Amino acid sequence: MWNLITNHLNDLVAVALFVIGFADLLFQKNMIKKVIGLNIMDSAIYLLLASQGYIKGRKAPIITDGITSAQNYINPIPTGLVLTGIVVSVSVTALLLSMTIRMYKKYHSLDLDYCLMMARKEG
Amino acid sequence: MDFIKNFPFFSIMLCMFCAIVNSVLGRKAAKYMTRIVLGLVLCLSVAILFFTIKRGEAYVYYMGHFPAPWGNEIRFGCLESMFSLFVSMIAFLSTIAGTKAVEDDVEDKKENLFYILVCLMTSSLLAMSYTNDLFTGYVFIEINTIAGCGLIMVRQIGKTTVTAIRYMVISILGSGLFLMGVTLLYTLTGHLLMSNIKESVAELSVSGEYRVQLTIVIGLMMVGLAIKSGLFPFHLWIPDAYGQSNVVSSSLLSSTVSKGYIFLLIKIFVRTIGFDVIKTTGVLYICFTLGIVAMILGSVMALHEQSFRRMIAYSSIAQIGYIYMGIGLGTAAGVAAAIFHIFAHGATKSLLFISSSEFTEGSHSKTIDDLKGLGHKYKFSAFCYSVGAFSIVGFPLLAGFVSKLLLGGAAIGHGPMQWIALLALAVSTILNAIYFLKTVIYLYIPYDEEHTGKSADMVPTYRMNCEEYVFGVIMLVAINLILGLASGSIIDVINNGLEIFS
């Protein structure tokens with residue numbers, strides 16, 4: 001059992017972080033906390049991806065000393081996916097934060113539920 | 001002829017570049033640029049569709065120079081090209097017909113920004129339908145979310161910002177689940193290309209390994225895309241989003257954006273995982289059950305709604321339920337019916353939203369009661385709205401009738417499921433008829449004080465009086481008629497497409 005946990009520590013942490021971030025994004029009322037939750041959730045996925053691509057004892061996929069056999073390098077694709085994913089989550093975060101600013105200017109609150117209520121009252 | 005194989009790539013890139021160029025253009029230039037590009041994409045999609053129908057097979061197009069297991073690919077067959085034809089057509093006609101509504105809602109200086117969003121949305125939908133790579137699919141899902149969020153916010157009143165934030169938060173939850181599903185699927189199979197994943201999954205299902213993990217992956221992807229397309233328990237953002245935004249945005253969001261996610265889900269079910277494997281996991285029962293619940297509850301909620309635009313939005317929830325019910329049946333006929341309903345509902349809903357703009361904007365009548373007698377004031381819009389209402393209720397000759405017939409036909413022969421499906425179809429149709437025909441009857445109530453309580457002022461206060469509006473709406477009516485009258489050949493194409501899909 002202990003062996004299983006230590007072998008899959010990265011995956012377990014990633015899933016735990018994903019659940020924390022997801023719950024944050026879903027249940028927090030404060031917009032800033034929601035955005036933090038979003039970033040925790042996305043980072044968890046990147047951690048999972050990066051740790052799945054890493055193979056113990058191998059090197060970064062850059063040819064050194066003329067060794068071209070793929071057996072010596074880690075899988076480069078997950079790293080590329082992480083980079084793409086980071087770009088996506090940065091742009092989503094930026095958009096969400098800018099909308100939060102707009103909402104704050106209008107309703108003077110960061111509480112999404114309160115703002116929804118105020119918006120309903122407007123009719 | 002082989003040059004046509006480049007067209008899917010061209011159509012995605014044309015929209016992308018048009019979005020970029022629009023950012024520096026003035027409002028008129030951006031408007032015409034968008035129209036030209038969307039028209040061009042429409043023509044390209046028609047060419048691809050005829051090419052694939054004629055050749056009867058699907059083609060793979062390398063993006064970059066790396067072959068299958070490593071590179072990125074575009075793949076197109078009849079279904080993909082038909083879906084992109086549908087998307088570009090609805091986008092083209094909606095933007096043309098809603099020109100005046102956009103001018104009214106958006107500041108002059110910011111109008112080009114609206115057209116950026118339309119182009120971005122179209123290109124991401126095209127990419128979602130053509131791509132053969134799951135991760136590319138994820139990236140374009142996010143682009144689509146951002147564009148959709150902007151489309152809700154174009155009408156700059158405070159409440160649309162809150163609505164857009166809520167839409168964004170819910171969508172991000174969905175795409176997070178989807179990305180988790182893609183990641184886990186990658187760790188299980190080692191591939192991102194759909195055709196390669198299918199081979200690996202087939203091996204896994206034969207050997208019986210990782211059964212639980214595979215079910216989790218399918219569940220994550222299905223729930224993620226269901227959240228984004230607004231299936232029943234995740235529908236809370238729909239009425240506000242469709243009810244408050246600009247009519248063009250509502251029509252694009254309801255008829256193309258949410259359908260794009262469903263199309264991607266069908267692609268994942270049929271092409272990526274394989275329908276045989278999906279059937280063993282029980283996910284389809286969830287689709288079916290949620291679809292049935294959405295069909296009934298969406299209609300019930302629409303029945304109780306007082307606001308006109310929100311009523312149309314609630315009916316979208318019910319129609320999305322129809323599509324998921326079709327997928328949940330788990331047969332080729334069910335999926336074909338679901339795809340036909342995607343087209344039928346898209347054409348009808350955009351017609352309803354756009355033709356209703358004259359009533360909702362004009363007298364600023366927000367509630368259904370305010371509609372009384374408006375049919376005499378706005379004769380053309382009322383006629384076109386009635387066609388849309390009849391179509392969605394399922395009047396023969398129109399698109400909605402054929403799709404309901406197909407869904408009912410696909411349901412027969414499924415043991416106890418067929419009775420549930422047929423009963424739900426019947427109940428939902430009756431409810432649909434009650435609330436849509438009520439609006440039509442209200443529109444044609446004689447226009448005098450006795451019936452409406454308003455003064456008999458026959459002069460329209462607001463008019464979408466331009467040729468563009470008339471042209472766009474007439475074309476949407478024509479599409480409804482074509483989908484209803486020429487349904488046989490369209491269904492043949494869908495069936496052929498499904499055969500070469502997997």
# chains A, B, ... in the order shown; residues from 1 in each chain; ligands from 1
>>> closest_atom_pairs(of="chain A", to="chain B", cutoff="9 Å", atoms="only C-alpha atoms", output="tab-separated table")
residue	atom	partner	partner_atom	distance
A:Phe18	CA	B:Met180	CA	8.8
A:Phe22	CA	B:Leu173	CA	6.9
A:Leu25	CA	B:Val169	CA	7.3
A:Leu26	CA	B:Leu173	CA	7.5
A:Lys34	CA	B:Val169	CA	8.2
A:Val35	CA	B:Val169	CA	8.9
A:Leu38	CA	B:Ile172	CA	7.8
A:Met41	CA	B:Gly176	CA	7.3
A:Asp42	CA	B:Gly176	CA	7.0
A:Ile45	CA	B:Met180	CA	6.3
A:Tyr46	CA	B:Thr183	CA	9.0
A:Leu48	CA	B:Thr183	CA	7.8
A:Leu49	CA	B:Thr183	CA	6.4
A:Gln52	CA	B:Thr187	CA	6.8
A:Gly53	CA	B:Thr187	CA	8.6
A:Ile77	CA	B:Trp70	CA	8.7
A:Pro78	CA	B:Thr183	CA	9.0
A:Leu81	CA	B:Phe135	CA	7.8
A:Thr84	CA	B:Val139	CA	8.0
A:Gly85	CA	B:Val139	CA	7.7
A:Val88	CA	B:Val139	CA	7.0
A:Ser89	CA	B:Glu142	CA	8.7
A:Ser91	CA	B:Ile146	CA	8.8
A:Val92	CA	B:Ile146	CA	7.2
A:Leu95	CA	B:Ile146	CA	7.8
A:Leu96	CA	B:Ile165	CA	7.0
A:Met99	CA	B:Thr161	CA	6.7
A:Thr100	CA	B:Ile165	CA	7.6
A:Arg102	CA	B:Thr161	CA	7.3
A:Met103	CA	B:Thr161	CA	6.4
A:Lys106	CA	B:Gly158	CA	6.4
A:Tyr107	CA	B:Gly158	CA	8.2
A:Leu112	CA	B:Val162	CA	7.4
A:Cys115	CA	B:Val162	CA	6.8
A:Leu116	CA	B:Val162	CA	6.3
A:Met118	CA	B:Lys159	CA	8.3
A:Ala119	CA	B:Lys159	CA	4.9
A:Arg120	CA	B:Lys159	CA	7.7
A:Glu122	CA	B:Lys159	CA	7.8
>>> write_last_selection(atoms="N, CA and C atoms", output="tab-separated table (two decimals), in the first residue's frame")
chain	number	residue	atom	x	y	z
A	18	PHE	N	-6.89	18.93	-8.07
A	18	PHE	CA	-7.97	19.14	-9.04
A	18	PHE	C	-9.31	19.26	-8.32
A	22	PHE	N	-11.59	22.52	-8.28
A	22	PHE	CA	-12.93	22.40	-8.85
A	22	PHE	C	-13.98	22.87	-7.84
A	25	LEU	N	-13.88	26.64	-7.46
A	25	LEU	CA	-14.49	27.32	-8.60
A	25	LEU	C	-16.00	27.22	-8.52
A	26	LEU	N	-16.48	26.09	-8.01
A	26	LEU	CA	-17.93	25.87	-8.00
A	26	LEU	C	-18.60	26.55	-6.81
A	34	LYS	N	-12.72	32.37	-6.79
A	34	LYS	CA	-13.07	31.50	-7.92
A	34	LYS	C	-11.91	31.43	-8.92
A	35	VAL	N	-11.31	32.60	-9.20
A	35	VAL	CA	-10.22	32.61	-10.16
A	35	VAL	C	-9.03	31.81	-9.62
A	38	LEU	N	-9.76	28.27	-10.18
A	38	LEU	CA	-9.53	27.91	-11.58
A	38	LEU	C	-8.06	27.60	-11.81
A	41	MET	N	-7.03	24.34	-10.25
A	41	MET	CA	-7.54	23.21	-11.03
A	41	MET	C	-6.68	22.97	-12.26
A	42	ASP	N	-6.38	24.04	-12.99
A	42	ASP	CA	-5.59	23.88	-14.21
A	42	ASP	C	-4.18	23.40	-13.89
A	45	ILE	N	-3.97	19.74	-13.41
A	45	ILE	CA	-3.96	18.96	-14.65
A	45	ILE	C	-2.56	18.99	-15.27
A	46	TYR	N	-1.89	20.15	-15.21
A	46	TYR	CA	-0.55	20.24	-15.80
A	46	TYR	C	0.43	19.38	-15.03
A	48	LEU	N	-0.32	16.63	-13.48
A	48	LEU	CA	-0.59	15.25	-13.89
A	48	LEU	C	0.04	14.95	-15.24
A	49	LEU	N	-0.14	15.89	-16.19
A	49	LEU	CA	0.41	15.68	-17.54
A	49	LEU	C	1.93	15.57	-17.49
A	52	GLN	N	3.17	12.43	-15.95
A	52	GLN	CA	2.97	11.24	-16.79
A	52	GLN	C	4.01	11.18	-17.90
A	53	GLY	N	4.47	12.34	-18.35
A	53	GLY	CA	5.44	12.32	-19.45
A	53	GLY	C	6.85	12.04	-18.98
A	77	ILE	N	5.92	15.20	-25.60
A	77	ILE	CA	4.58	15.72	-25.96
A	77	ILE	C	3.84	16.32	-24.76
A	78	PRO	N	3.79	15.63	-23.59
A	78	PRO	CA	3.06	16.23	-22.47
A	78	PRO	C	3.58	17.60	-22.09
A	81	LEU	N	2.05	19.96	-24.35
A	81	LEU	CA	0.64	20.16	-24.02
A	81	LEU	C	0.49	21.10	-22.83
A	84	THR	N	0.85	24.66	-23.97
A	84	THR	CA	-0.37	25.13	-24.64
A	84	THR	C	-1.45	25.41	-23.61
A	85	GLY	N	-1.57	24.46	-22.66
A	85	GLY	CA	-2.61	24.62	-21.65
A	85	GLY	C	-2.40	25.86	-20.81
A	88	VAL	N	-3.65	28.83	-22.62
A	88	VAL	CA	-5.11	28.90	-22.59
A	88	VAL	C	-5.59	29.40	-21.24
A	89	SER	N	-5.03	28.84	-20.15
A	89	SER	CA	-5.57	29.21	-18.85
A	89	SER	C	-5.21	30.65	-18.50
A	91	SER	N	-5.13	33.13	-20.65
A	91	SER	CA	-6.07	34.03	-21.33
A	91	SER	C	-7.44	33.97	-20.68
A	92	VAL	N	-7.85	32.77	-20.26
A	92	VAL	CA	-9.15	32.67	-19.59
A	92	VAL	C	-9.13	33.44	-18.28
A	95	LEU	N	-9.38	37.18	-18.92
A	95	LEU	CA	-10.74	37.60	-19.29
A	95	LEU	C	-11.65	37.62	-18.06
A	96	LEU	N	-11.52	36.56	-17.23
A	96	LEU	CA	-12.39	36.47	-16.05
A	96	LEU	C	-12.08	37.62	-15.09
A	99	MET	N	-13.52	40.86	-16.38
A	99	MET	CA	-14.97	40.94	-16.18
A	99	MET	C	-15.30	41.18	-14.72
A	100	THR	N	-14.47	40.61	-13.82
A	100	THR	CA	-14.68	40.85	-12.40
A	100	THR	C	-14.55	42.34	-12.08
A	102	ARG	N	-15.12	44.78	-14.05
A	102	ARG	CA	-16.30	45.44	-14.58
A	102	ARG	C	-17.50	45.27	-13.64
A	103	MET	N	-17.64	44.03	-13.14
A	103	MET	CA	-18.75	43.76	-12.24
A	103	MET	C	-18.60	44.56	-10.96
A	106	LYS	N	-19.63	48.12	-11.31
A	106	LYS	CA	-21.07	48.33	-11.42
A	106	LYS	C	-21.78	48.10	-10.09
A	107	TYR	N	-21.44	47.01	-9.41
A	107	TYR	CA	-22.22	46.64	-8.21
A	107	TYR	C	-21.46	46.81	-6.90
A	112	LEU	N	-20.52	36.96	-6.30
A	112	LEU	CA	-21.28	36.69	-7.53
A	112	LEU	C	-22.77	36.53	-7.25
A	115	CYS	N	-24.34	39.89	-6.71
A	115	CYS	CA	-24.45	40.64	-7.96
A	115	CYS	C	-25.55	40.07	-8.84
A	116	LEU	N	-25.70	38.74	-8.82
A	116	LEU	CA	-26.78	38.12	-9.59
A	116	LEU	C	-28.13	38.61	-9.09
A	118	MET	N	-28.71	41.45	-7.50
A	118	MET	CA	-28.89	42.84	-7.90
A	118	MET	C	-29.29	42.94	-9.37
A	119	ALA	N	-28.67	42.09	-10.21
A	119	ALA	CA	-28.98	42.12	-11.64
A	119	ALA	C	-30.43	41.70	-11.88
A	120	ARG	N	-30.91	40.72	-11.10
A	120	ARG	CA	-32.31	40.30	-11.24
A	120	ARG	C	-33.25	41.44	-10.89
A	122	GLU	N	-32.83	44.50	-11.29
A	122	GLU	CA	-32.91	45.49	-12.38
A	122	GLU	C	-34.01	45.13	-13.36
>>> residues_around(residues="Lys56 of chain A", least_positions_apart="4", cutoff="10 Å", atoms="only C-alpha atoms", output="number ranges by chain")
A: 51, 73-74
>>> write_last_selection(atoms="all heavy atoms", output="PDB file, in the first residue's frame")
ATOM      1  N   SER A  51       3.923  14.881 -15.020  1.00  0.00           N
ATOM      2  CA  SER A  51       4.473  13.715 -14.331  1.00  0.00           C
ATOM      3  C   SER A  51       4.229  12.442 -15.131  1.00  0.00           C
ATOM      4  O   SER A  51       4.993  11.491 -15.029  1.00  0.00           O
ATOM      5  CB  SER A  51       3.886  13.604 -12.925  1.00  0.00           C
ATOM      6  OG  SER A  51       2.514  13.390 -13.015  1.00  0.00           O
ATOM      7  N   TYR A  73      15.503   9.470 -23.767  1.00  0.00           N
ATOM      8  CA  TYR A  73      14.851  10.750 -23.469  1.00  0.00           C
ATOM      9  C   TYR A  73      13.437  10.551 -22.949  1.00  0.00           C
ATOM     10  O   TYR A  73      12.802   9.522 -23.188  1.00  0.00           O
ATOM     11  CB  TYR A  73      14.817  11.615 -24.730  1.00  0.00           C
ATOM     12  CG  TYR A  73      16.188  11.864 -25.303  1.00  0.00           C
ATOM     13  CD1 TYR A  73      16.561  11.337 -26.526  1.00  0.00           C
ATOM     14  CD2 TYR A  73      17.115  12.605 -24.578  1.00  0.00           C
ATOM     15  CE1 TYR A  73      17.822  11.558 -27.038  1.00  0.00           C
ATOM     16  CE2 TYR A  73      18.380  12.828 -25.075  1.00  0.00           C
ATOM     17  CZ  TYR A  73      18.732  12.301 -26.315  1.00  0.00           C
ATOM     18  OH  TYR A  73      19.976  12.520 -26.796  1.00  0.00           O
ATOM     19  N   ILE A  74      12.954  11.585 -22.261  1.00  0.00           N
ATOM     20  CA  ILE A  74      11.570  11.519 -21.780  1.00  0.00           C
ATOM     21  C   ILE A  74      10.620  11.888 -22.919  1.00  0.00           C
ATOM     22  O   ILE A  74      11.038  12.345 -23.972  1.00  0.00           O
ATOM     23  CB  ILE A  74      11.342  12.475 -20.588  1.00  0.00           C
ATOM     24  CG1 ILE A  74      11.555  13.932 -21.018  1.00  0.00           C
ATOM     25  CG2 ILE A  74      12.199  12.112 -19.420  1.00  0.00           C
ATOM     26  CD1 ILE A  74      10.972  14.918 -20.066  1.00  0.00           C
TER      27      ILE A  74
END
>>> closest_residue(among="A:Ile40, A:Leu4, A:Lys33, A:Leu97", to="Ile20 of chain A", atoms="only C-alpha atoms")
A:Ile40
>>> closest_residue(among="A:Gly37, A:Tyr54, A:Met31, A:Trp2", to="Leu17 of chain A", atoms="only C-alpha atoms")
A:Gly37
>>> select_by_dssp(residues="segment 134-368 of chain B", states="alpha helix (DSSP H)", output="JSON, numbers by chain")
{"B": [134, 135, 136, 137, 138, 139, 140, 141, 142, 143, 144, 145, 146, 147, 148, 149, 150, 151, 152, 153, 158, 159, 160, 161, 162, 163, 164, 165, 166, 167, 168, 169, 170, 171, 172, 173, 174, 175, 176, 177, 178, 179, 180, 181, 182, 183, 184, 185, 186, 187, 188, 189, 194, 195, 196, 197, 198, 199, 200, 201, 202, 203, 204, 205, 206, 207, 211, 212, 213, 214, 215, 216, 217, 218, 219, 220, 221, 222, 223, 224, 225, 226, 227, 228, 229, 238, 239, 240, 241, 242, 243, 244, 247, 248, 249, 250, 251, 252, 258, 259, 260, 261, 262, 263, 264, 265, 266, 267, 275, 276, 277, 278, 279, 280, 281, 283, 284, 285, 286, 287, 288, 289, 290, 291, 292, 293, 294, 295, 296, 297, 298, 299, 300, 301, 302, 303, 304, 308, 309, 310, 311, 312, 313, 314, 315, 316, 317, 318, 319, 320, 321, 322, 323, 324, 325, 326, 327, 328, 332, 333, 334, 335, 336, 337, 338, 339, 340, 341, 342, 343, 344, 345, 346, 347, 348, 349, 350, 351, 352, 353, 354, 355, 357, 358, 359, 360, 361, 362]}
>>> atom_distance(atom1="atom CA of His65 of chain B", atom2="atom CA of Met194 of chain B")
18.2 Å
>>> residues_around(residues="Ile141 of chain B", least_positions_apart="4", cutoff="9 Å", atoms="only C-alpha atoms", output="PyMOL selection string")
chain B and resi 124-125+128+136-137+145-146+175+260-261
>>> residues_around(residues="Leu126 of chain B", least_positions_apart="4", cutoff="7 Å", atoms="only C-alpha atoms", output="VMD selection string")
chain B and resid 12 84 122 130
